Amino acid sequence: MSVVFGPNTRRVLQFLTHIEDLTPQQIDRVAGLWRQTSSQTRAEAWAEVRRTTTDEERYRIHVAASVARRAALDTAQSHQRHDWAFWAAVWDAVMAIAVCDRIGGHYDVLIAPVAAVMPFLGVCRRDVLGPRHLPDAVLGGSGRS
């Protein structure tokens, strides 16, 4: 499989397919929880992402984050939700998903607001994300990440 969105491309793609399923109440909850997270703690988690990835991986992870942010904005708009904290939380979450096995406990910091409404994200595991899975043909490869 191509590494389009960083080290855990398959898992990132799986997450992206779930964003549109969120309800208005879930969007509000994610935004509220993101606001409660310490900006210092988030900054430390982001620093760990930077420390544990190459320049090329960071580029691909930022592409994933941009796609996730767009999906979050579209989902929020479809539910008449306009709180930027929601798409910021999705941005953090996709960064965590992309490098989950490298950042230890920082994963929990970045994923927590979204994991509150998508509990399957609570544990960092490769290629395991809830009931909807993408076929290998969609991913463009053999299914290995």
# chains A, B, ... in the order shown; residues from 1 in each chain; ligands from 1
$ residues_around --residues "stretch 106-119 of chain A" --least-positions-apart "5" --cutoff "6 Å" --atoms "only C-alpha atoms" --output "VMD selection string"
chain A and resid 30 33 to 34 45 92 to 93 96 100
$ closest_residue --among "A:Glu56, A:Asp74, A:Glu44, A:Asp28" --to "A:Phe86" --atoms "only C-alpha atoms"
A:Asp28
$ closest_residue --among "A:Ala88, A:Ala72, A:Val49, A:Ile61" --to "A:Gly32" --atoms "only C-alpha atoms"
A:Ala88
$ atom_distance --atom1 "atom CA of A:Leu13" --atom2 "atom CA of A:Val63"
12.0 Å
$ residues_around --residues "A:Thr54" --least-positions-apart "6" --cutoff "12 Å" --atoms "only C-alpha atoms" --output "list in words"
Gly6, Pro7, Glu48, Arg60, Ile61 and Val99 of chain A
$ atom_distance --atom1 "atom CA of A:Val67" --atom2 "atom CA of A:Arg102"
21.7 Å
